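Colleague: Next comes the structure file input_10.cif, holding mmCIF, C-alpha atoms and all ligand atoms.
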```cif
data_run
loop_
_atom_site.label_atom_id
_atom_site.label_comp_id
_atom_site.auth_asym_id
_atom_site.auth_seq_id
_atom_site.Cartn_x
_atom_site.Cartn_y
_atom_site.Cartn_z
CA MET A 1 41.53 0.28 16.28
CA THR A 2 42.28 3.56 18.01
CA GLY A 3 42.21 1.85 21.38
CA PRO A 4 39.70 2.34 24.18
CA GLU A 5 37.56 5.33 24.99
CA ALA A 6 38.67 8.86 24.23
CA ILE A 7 38.13 11.70 26.69
CA ASP A 8 36.31 14.62 25.01
CA ILE A 9 37.00 18.13 26.33
CA GLY A 10 35.05 20.73 24.39
CA GLY A 11 35.55 18.89 21.10
CA VAL A 12 39.20 18.00 21.79
CA LYS A 13 39.59 14.20 21.84
CA ILE A 14 42.27 12.68 24.06
CA TRP A 15 43.32 9.02 24.08
CA LYS A 16 45.44 8.40 27.21
CA ALA A 17 48.25 5.83 26.86
CA ALA A 18 47.21 4.98 23.31
CA LEU A 19 50.77 4.14 22.18
CA ASP A 20 52.84 1.49 23.93
CA ARG A 21 56.51 1.87 24.84
CA SER A 22 57.79 0.09 21.73
CA MET A 23 55.73 2.38 19.45
CA GLN A 24 57.03 5.40 21.40
CA GLU A 25 60.61 4.16 20.85
CA ARG A 26 59.99 3.70 17.12
CA LEU A 27 58.58 7.23 16.94
CA MET A 28 61.67 8.58 18.73
CA GLU A 29 63.90 6.86 16.17
CA CYS A 30 62.02 8.77 13.48
CA VAL A 31 62.46 12.00 15.45
CA GLY A 32 66.21 11.32 15.72
CA GLU A 33 66.45 10.93 11.93
CA ILE A 34 64.42 14.10 11.32
CA ALA A 35 66.59 16.10 13.74
CA ALA A 36 69.79 14.75 12.15
CA ALA A 37 68.67 16.05 8.72
CA ALA A 38 66.87 19.20 9.90
CA PRO A 39 68.27 20.37 13.25
CA PHE A 40 66.03 21.77 15.98
CA PHE A 41 66.09 25.59 16.19
CA HIS A 42 64.55 28.18 18.52
CA PRO A 43 62.14 30.17 16.33
CA GLU A 44 62.22 33.92 16.85
CA THR A 45 59.05 35.97 17.20
CA ARG A 46 58.24 39.10 15.20
CA TRP A 47 59.43 41.05 18.23
CA GLY A 48 62.83 39.38 18.25
CA ARG A 49 62.27 37.09 21.24
CA LYS A 50 63.38 33.48 20.98
CA MET A 51 60.67 30.91 21.73
CA SER A 52 61.55 28.57 24.60
CA VAL A 53 60.37 25.55 22.57
CA ARG A 54 62.78 24.17 19.92
CA MET A 55 61.25 23.07 16.64
CA THR A 56 61.84 21.25 13.40
CA SER A 57 59.52 19.62 10.85
CA ALA A 58 59.06 16.78 8.38
CA GLY A 59 56.96 16.66 5.23
CA ALA A 60 56.45 19.12 2.37
CA PHE A 61 56.02 22.08 4.74
CA GLY A 62 57.46 23.13 8.07
CA TRP A 63 56.41 25.81 10.51
CA VAL A 64 58.88 28.68 10.91
CA SER A 65 58.88 32.02 12.69
CA ASP A 66 61.27 34.96 12.48
CA ARG A 67 61.22 38.80 12.38
CA ARG A 68 58.89 38.55 9.35
CA GLY A 69 56.31 36.62 11.37
CA TYR A 70 55.23 33.00 11.34
CA ARG A 71 54.24 30.85 8.36
CA TYR A 72 54.68 27.46 6.69
CA GLU A 73 57.77 27.14 4.48
CA ARG A 74 59.09 24.45 2.15
CA ARG A 75 62.60 24.79 3.62
CA HIS A 76 64.33 24.74 6.99
CA PRO A 77 65.77 28.16 7.97
CA ALA A 78 69.23 26.76 7.06
CA GLY A 79 68.01 26.22 3.48
CA MET A 80 67.46 22.47 3.09
CA PRO A 81 64.09 20.91 2.30
CA TRP A 82 62.40 19.21 5.26
CA PRO A 83 62.94 15.43 5.55
CA ASP A 84 60.15 13.17 4.29
CA MET A 85 57.22 12.41 6.55
CA PRO A 86 58.00 8.99 8.09
CA SER A 87 55.55 6.28 6.98
CA LEU A 88 54.98 5.44 10.66
CA PHE A 89 53.53 8.94 11.15
CA LEU A 90 51.19 8.39 8.18
CA GLU A 91 50.00 5.12 9.73
CA LEU A 92 49.07 6.94 12.94
CA TRP A 93 47.27 9.62 10.92
CA ASP A 94 45.15 6.92 9.26
CA ARG A 95 44.42 5.26 12.58
CA PHE A 96 43.49 8.31 14.67
CA ALA A 97 42.61 11.15 12.28
CA ALA A 98 41.02 9.03 9.52
CA PHE A 99 40.86 12.08 7.24
CA PRO A 100 40.98 11.60 3.44
CA ARG A 101 43.87 14.04 2.84
CA PRO A 102 47.33 13.05 4.14
CA PRO A 103 49.21 15.38 6.49
CA GLU A 104 51.59 17.73 4.65
CA SER A 105 53.56 18.74 7.72
CA CYS A 106 54.66 17.24 11.00
CA LEU A 107 55.87 19.87 13.42
CA VAL A 108 58.27 18.44 16.01
CA ASN A 109 58.35 20.48 19.23
CA HIS A 110 60.98 19.90 21.93
CA TYR A 111 60.34 21.19 25.43
CA ALA A 112 63.39 21.23 27.72
CA ALA A 113 62.90 22.05 31.43
CA GLY A 114 61.31 25.49 31.67
CA ALA A 115 59.99 25.63 28.09
CA ARG A 116 56.35 26.56 27.56
CA MET A 117 53.91 27.50 24.83
CA GLY A 118 51.42 30.30 25.47
CA LEU A 119 47.70 30.00 24.79
CA HIS A 120 47.06 30.33 21.04
CA GLN A 121 44.89 29.11 18.16
CA ASP A 122 46.20 27.16 15.15
CA ARG A 123 44.69 28.86 12.14
CA ASP A 124 47.51 29.22 9.59
CA GLU A 125 46.31 26.15 7.72
CA ALA A 126 44.17 26.76 4.60
CA ASP A 127 41.67 23.94 5.27
CA LEU A 128 40.39 24.35 8.81
CA ALA A 129 38.08 21.36 8.26
CA ALA A 130 41.20 19.16 8.34
CA PRO A 131 42.08 17.85 11.80
CA VAL A 132 45.37 18.26 13.70
CA LEU A 133 46.82 15.14 15.33
CA SER A 134 49.15 15.49 18.32
CA ILE A 135 51.36 12.82 19.89
CA SER A 136 53.13 13.32 23.23
CA LEU A 137 56.49 11.65 23.94
CA GLY A 138 58.73 11.93 27.00
CA ASP A 139 58.10 14.07 30.07
CA ASP A 140 54.59 14.91 31.32
CA ALA A 141 53.19 18.29 30.27
CA LEU A 142 50.40 20.46 31.65
CA PHE A 143 48.14 21.12 28.64
CA ARG A 144 45.61 23.96 28.86
CA ILE A 145 42.47 23.97 26.73
CA GLY A 146 40.23 27.02 26.39
CA THR A 147 37.46 27.95 24.01
CA GLU A 148 37.26 29.46 20.53
CA ARG A 149 36.77 32.82 22.14
CA ARG A 150 39.89 34.49 23.53
CA GLY A 151 39.69 34.96 27.31
CA GLY A 152 37.12 32.18 27.80
CA PRO A 153 37.34 29.60 30.59
CA THR A 154 40.17 27.05 30.44
CA ARG A 155 40.71 23.52 31.71
CA SER A 156 44.04 21.84 32.35
CA ILE A 157 45.04 18.23 31.83
CA TRP A 158 48.36 16.43 32.18
CA LEU A 159 49.57 14.80 28.95
CA SER A 160 51.98 11.86 29.22
CA SER A 161 54.17 9.90 26.87
CA GLY A 162 52.01 7.87 24.47
CA ASP A 163 48.93 10.10 24.75
CA VAL A 164 47.25 11.07 21.47
CA VAL A 165 45.16 14.25 20.99
CA LEU A 166 42.88 14.90 18.00
CA LEU A 167 41.69 18.40 17.20
CA ALA A 168 38.80 18.09 14.82
CA GLY A 169 35.43 19.68 14.26
CA ALA A 170 34.40 21.83 17.21
CA GLY A 171 37.84 21.47 18.80
CA ARG A 172 39.84 22.68 15.83
CA LEU A 173 39.84 26.36 16.75
CA VAL A 174 40.02 26.25 20.53
CA HIS A 175 42.80 28.12 22.33
CA HIS A 176 45.43 25.79 23.78
CA GLY A 177 48.95 25.82 25.17
CA ILE A 178 51.52 24.08 27.35
CA ASP A 179 52.02 25.72 30.76
CA ARG A 180 55.00 23.61 31.82
CA ILE A 181 56.56 20.19 31.72
CA ARG A 182 57.54 17.98 34.66
CA PRO A 183 61.24 17.35 33.97
CA GLY A 184 62.59 13.87 34.61
CA THR A 185 59.24 12.05 34.48
CA SER A 186 60.33 9.96 31.46
CA ARG A 187 63.57 8.61 30.05
CA LEU A 188 62.28 8.22 26.48
CA VAL A 189 63.80 11.36 24.96
CA PRO A 190 67.61 11.16 24.64
CA TRP A 191 67.98 14.93 25.13
CA GLY A 192 65.56 14.85 28.08
CA GLY A 193 62.29 16.78 28.21
CA ARG A 194 59.24 16.37 26.02
CA ILE A 195 58.63 15.91 22.30
CA ASN A 196 55.28 16.72 20.71
CA LEU A 197 54.47 15.75 17.14
CA THR A 198 51.64 17.61 15.38
CA MET A 199 50.54 16.43 11.96
CA ARG A 200 48.64 18.90 9.80
CA VAL A 201 47.16 19.43 6.36
CA VAL A 202 48.56 22.83 5.36
CA THR A 203 47.25 23.77 1.89
C1 LIG B 1 44.06 22.30 19.87
N1 LIG B 1 51.59 22.28 20.36
O1 LIG B 1 52.40 23.14 17.95
S1 LIG B 1 49.70 19.88 20.92
C2 LIG B 1 51.35 23.62 18.39
O2 LIG B 1 52.14 20.11 22.98
C3 LIG B 1 50.89 23.21 19.72
O3 LIG B 1 53.50 21.08 21.61
C4 LIG B 1 51.31 21.89 21.70
O4 LIG B 1 49.94 23.74 20.18
C5 LIG B 1 52.38 20.96 22.13
O5 LIG B 1 50.64 24.42 17.77
C6 LIG B 1 49.97 21.30 21.89
C7 LIG B 1 48.00 19.74 21.02
C8 LIG B 1 47.29 20.62 20.05
C9 LIG B 1 47.77 20.86 18.80
C10 LIG B 1 47.03 21.57 17.88
C11 LIG B 1 45.80 22.06 18.22
C12 LIG B 1 46.09 21.12 20.43
C13 LIG B 1 45.32 21.85 19.52
C14 LIG B 1 44.98 22.74 17.30
C15 LIG B 1 43.73 23.16 17.66
C16 LIG B 1 43.26 22.96 18.95
FE FE B 2 48.87 24.86 18.66
#
```
Once more with this new file: its structure as structure tokens, please.
Modeller:
Amino acid sequence: MTGPEAIDIGGVKIWKAALDRSMQERLMECVGEIAAAAPFFHPETRWGRKMSVRMTSAGAFGWVSDRRGYRYERRHPAGMPWPDMPSLFLELWDRFAAFPRPPESCLVNHYAAGARMGLHQDRDEADLAAPVLSISLGDDALFRIGTERRGGPTRSIWLSSGDVVLLAGAGRLVHHGIDRIRPGTSRLVPWGGRINLTMRVVT
């Protein structure tokens, strides 16, 4: 159902090339609709620096960051509610995450050339027993996976369009980040660069 063997790196499960080109195109159509209703923005950190990654969300909650810090919100910074979670995203959740609660948020990250995401943990969600499902679309990205402990050893792996990553169980609290993308390695994303979808249970 999920496709052939997953690679397991310290509890992080990775299915390479799990989604074919036509599925990737259907997912990008969904992303286009989400971005038309809830435009990408560069979140600002508490310290007033703009993140290099652009973001938007679908579902009941979206991830935002500004001078007040980061959190999940029911509305886009411009004031509108987030667009509905596409049913195609829910189908992928059932196939790969197989968790009884549906995802309440899909964060859509866009990495243009030069964008990166520093090593961090995802722990803003109330139920840390719920998995996080990540889908890579577009250009290749160098993904770094560490340990639960800050400053522990890290491993790097290239993620490509159609790869699926599941963070569950032991992998849920590991440090992770994106060091860089390889621009121009895919033509899937109309704006160029890389899109990452992460589905989460928030409450
Ligand atoms: C490991 N995004 O949005 S996805 C994020 O590619 C985020 O945009 C990266 O980290 C991206 O928070 C990495 C893979 C991922 C997502 C969530 C995780 C790895 C994770 C949660 C726990 C452990
Ligand atoms: Fe993360």
Colleague: Do you have the atom CA of A:Thr198-atom CA of A:Gly114 distance handy?
Modeller: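 Answer for the atom CA of A:Thr198 to atom CA of A:Gly114 separation: 20.5 Å.
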Colleague: Considering all atoms listed in the file, can you say which of A:Phe61, A:Trp93, A:Phe99, A:Phe143 comes closest to ligand FE 2 (chain B)?
Modeller: A:Phe143
Colleague: Compare A:His120, A:Arg101, A:Lys50, A:Arg26 by their minimum atom-to-atom distance to ligand FE 2 (chain B), counting all atoms listed in the file, and give me the closest one.
Modeller: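 The shortest atom-to-atom distance to ligand FE 2 (chain B) comes from A:His120.
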Colleague: Quick check, in Å to one decimal: how far apart do atom CA of A:Val202 and atom CA of A:Glu148 lie?
Modeller: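 Interatomic distance, atom CA of A:Val202 to atom CA of A:Glu148: 20.0 Å.
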Colleague: Could you give me the residues within 8 Å of ligand FE 2 (chain B), counting all atoms listed in the file, as a list of chain:residue names?
Modeller: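 Checked against 8 Å with all atoms listed in the file; the hits are A:His120, A:Gln121, A:Asp122, A:His175, A:His176, A:Gly177.
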Colleague: By how many Å are atom CA of A:Thr147 and atom CA of A:Pro131 apart?
Modeller: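 Computed distance, atom CA of A:Thr147 to atom CA of A:Pro131, equals 16.5 Å.
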Colleague: Quick one: residues within 6 Å of ligand LIG 1 (chain B), with all atoms listed in the file, as a list in words?
Modeller: Asn109, Asp122, Val132, Ser134, Leu167, Gly171, Arg172, Leu173, Val174, His176, Gly177, Ile178 and Asn196 of chain A
Colleague: Would you list the contacts of A:Arg74 as a list in words, taking every protein, DNA or RNA residue within 9 Å and counting all atoms listed in the file, but skipping same-chain residues closer than 6 positions in sequence?
Modeller: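 Using all atoms listed in the file, the neighbours found are Gly59, Ala60, Phe61, Gly62, Trp63, Met80, Pro81 and Trp82 of chain A.
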Colleague: Point out the residue among A:Gly11, A:Pro86, A:Gly118, A:Gly184 with the least atom-to-atom distance to A:Asp140, counting only C-alpha atoms.
Modeller: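 Nearest to A:Asp140: A:Gly184.
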Colleague: When you count all atoms listed in the file, which of these residues is closest to A:Phe40: A:Val108, A:Met23, A:Ala97, A:Ile157?
Modeller: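 For A:Phe40, the nearest of the given residues is A:Val108.
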Colleague: Of the candidates A:Leu142, A:Leu159, A:Leu166, A:Ala38, which one gets nearest to A:Ala98 if we count only C-alpha atoms?
Modeller: A:Leu166
Colleague: Closest to A:His110 among A:Leu188, A:Val12, A:Met55, A:Ala126, using only C-alpha atoms?
Modeller: A:Met55
Colleague: In the coordinates of the file, take the point (44.0, 5.4, 27.0) and a cut-off of 9 Å; then, counting only C-alpha atoms, name each qualifying protein, DNA or RNA residue as a tab-separated table (two decimals) with C-alpha atoms, in the frame of the given file.
Modeller:
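Once everything was written out, this is result-v6.tsv:
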```tsv
chain	number	residue	atom	x	y	z
A	3	GLY	CA	42.21	1.85	21.38
A	4	PRO	CA	39.70	2.34	24.18
A	5	GLU	CA	37.56	5.33	24.99
A	6	ALA	CA	38.67	8.86	24.23
A	7	ILE	CA	38.13	11.70	26.69
A	14	ILE	CA	42.27	12.68	24.06
A	15	TRP	CA	43.32	9.02	24.08
A	16	LYS	CA	45.44	8.40	27.21
A	17	ALA	CA	48.25	5.83	26.86
A	18	ALA	CA	47.21	4.98	23.31
A	19	LEU	CA	50.77	4.14	22.18
A	162	GLY	CA	52.01	7.87	24.47
A	163	ASP	CA	48.93	10.10	24.75
A	164	VAL	CA	47.25	11.07	21.47
```
Colleague: List the spatial neighbours of A:Asp139 as a tab-separated table (two decimals) with C-alpha atoms, in the coordinates of the input - criterion: any atom at most 10 Å away, all atoms listed in the file, same-chain residues fewer than 4 positions off excluded.
Modeller:
```tsv
chain	number	residue	atom	x	y	z
A	111	TYR	CA	60.34	21.19	25.43
A	112	ALA	CA	63.39	21.23	27.72
A	113	ALA	CA	62.90	22.05	31.43
A	159	LEU	CA	49.57	14.80	28.95
A	160	SER	CA	51.98	11.86	29.22
A	161	SER	CA	54.17	9.90	26.87
A	181	ILE	CA	56.56	20.19	31.72
A	182	ARG	CA	57.54	17.98	34.66
A	183	PRO	CA	61.24	17.35	33.97
A	184	GLY	CA	62.59	13.87	34.61
A	185	THR	CA	59.24	12.05	34.48
A	186	SER	CA	60.33	9.96	31.46
A	187	ARG	CA	63.57	8.61	30.05
A	188	LEU	CA	62.28	8.22	26.48
A	189	VAL	CA	63.80	11.36	24.96
A	192	GLY	CA	65.56	14.85	28.08
A	193	GLY	CA	62.29	16.78	28.21
A	194	ARG	CA	59.24	16.37	26.02
A	195	ILE	CA	58.63	15.91	22.30
```
Colleague: Tell me, as a list in words, which residues lie within 12 Å of A:Ala36, counting only C-alpha atoms; anything in the same chain fewer than 6 positions away does not count.
Modeller: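 My list of contacting residues is Glu29, Cys30, Thr56, Ser57, Ala58, Trp82 and Pro83 of chain A.
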